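One structure is given below, encoded as structure tokens.
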Amino acid sequence: MPQTDAVPTATLHRWQNRAQKQLAAFLARGARADLPPLVWTLAQTGALTGEADSLNYTPAEQREAVRRWATHIGVSVDTRTTGDGREELYAGWKTGKGVDEVGGCFRATILMHDDIPQPGNR
């Protein structure tokens, strides 16, 4: 497997293992706080992404999911609208210090036309 900027494979595994522990803590805390489930991704570098499910959540539910998770850990949500009709929500975070840091984000990408009610959709 290729390495990321010559980072040793053992280091990448250590970062992923540390992020996996952070993810387990998020899942437990999220369940206790009745937060909406997210789609989670663990990057090669140990970064975590929790994304609001665009297939099963309405646009309003996607926004609410990102905002609730961000509020739960005390970070703000940035929102921007792109020229091609997408609303992007992003809430970045980091835990730990230095080499023990786990970072990531909660996010959602919403097509603006998805906010327009369609026949047969909720």
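A note on labels: chains of the structure tokens are A, B, ... as shown, every chain counts residues from 1, and ligands are counted from 1 in their shown order.
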Counting only C-alpha atoms, which residues in range 27-47 of chain A sit no more than 7 Å from range 51-74 of chain A? For each one, give the nearest pair of atoms and the distance in Å, sorted by chain then residue number, as JSON lines.
{"residue": "A:Leu35", "atom": "CA", "partner": "A:Trp69", "partner_atom": "CA", "distance": 6.8}
{"residue": "A:Pro36", "atom": "CA", "partner": "A:Ala65", "partner_atom": "CA", "distance": 5.6}
{"residue": "A:Leu38", "atom": "CA", "partner": "A:Ala52", "partner_atom": "CA", "distance": 5.2}
{"residue": "A:Val39", "atom": "CA", "partner": "A:Glu51", "partner_atom": "CA", "distance": 5.0}
{"residue": "A:Trp40", "atom": "CA", "partner": "A:Glu51", "partner_atom": "CA", "distance": 6.4}
Expected file: the selected residues, N, CA, C and O atoms, as a PDB file, in the first residue's frame:
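That gives us out.pdb:
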ATOM      1  N   LEU A  35     -28.738  11.479  19.855  1.00  0.00           N
ATOM      2  CA  LEU A  35     -28.366  12.230  18.660  1.00  0.00           C
ATOM      3  C   LEU A  35     -28.676  11.410  17.410  1.00  0.00           C
ATOM      4  O   LEU A  35     -28.640  10.175  17.449  1.00  0.00           O
ATOM      5  N   PRO A  36     -28.952  12.065  16.290  1.00  0.00           N
ATOM      6  CA  PRO A  36     -29.228  11.330  15.061  1.00  0.00           C
ATOM      7  C   PRO A  36     -27.992  10.538  14.611  1.00  0.00           C
ATOM      8  O   PRO A  36     -26.881  11.072  14.652  1.00  0.00           O
ATOM      9  N   LEU A  38     -25.138   9.118  12.305  1.00  0.00           N
ATOM     10  CA  LEU A  38     -24.431   9.656  11.143  1.00  0.00           C
ATOM     11  C   LEU A  38     -23.778   8.517  10.370  1.00  0.00           C
ATOM     12  O   LEU A  38     -23.609   7.417  10.893  1.00  0.00           O
ATOM     13  N   VAL A  39     -23.374   8.805   9.143  1.00  0.00           N
ATOM     14  CA  VAL A  39     -22.570   7.883   8.336  1.00  0.00           C
ATOM     15  C   VAL A  39     -21.115   8.238   8.652  1.00  0.00           C
ATOM     16  O   VAL A  39     -20.688   9.366   8.417  1.00  0.00           O
ATOM     17  N   TRP A  40     -20.359   7.289   9.205  1.00  0.00           N
ATOM     18  CA  TRP A  40     -19.002   7.579   9.667  1.00  0.00           C
ATOM     19  C   TRP A  40     -17.956   7.051   8.692  1.00  0.00           C
ATOM     20  O   TRP A  40     -18.088   5.947   8.167  1.00  0.00           O
TER      21      TRP A  40
END
Have a look at CA of Arg86 in chain A and CA of Leu27 in chain A and let me know their distance in Å, one decimal. 28.0 Å
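Nearest-residue note for Gln20 in chain A: choosing from A:Gly92, A:Gly83, A:Gly103, A:Pro8, the minimum distance belongs to A:Gly103, counting only C-alpha atoms.
Between CA of Thr41 in chain A and CA of Glu101 in chain A there is a distance of 16.9 Å.
One finds CA of Thr9 in chain A at 26.4 Å from CA of Phe106 in chain A.
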List the neighbours of Ala47 in chain A out to 9 Å using only C-alpha atoms; skip same-chain residues closer than 3 positions along the sequence, and give me the result as a PyMOL selection string. chain A and resi 15-16+19+41-44+102-105
Residues of range 55-108 of chain A in strand (DSSP E or B) according to DSSP, as number ranges by chain? A: 78-81, 86-95, 102-108
Nearest to Arg18 in chain A by atom-to-atom distance, counting only C-alpha atoms, from A:Ser76, A:Thr109, A:Thr45, A:Thr81: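 Looking at the shortest contact to Arg18 in chain A, the residue is A:Thr45.
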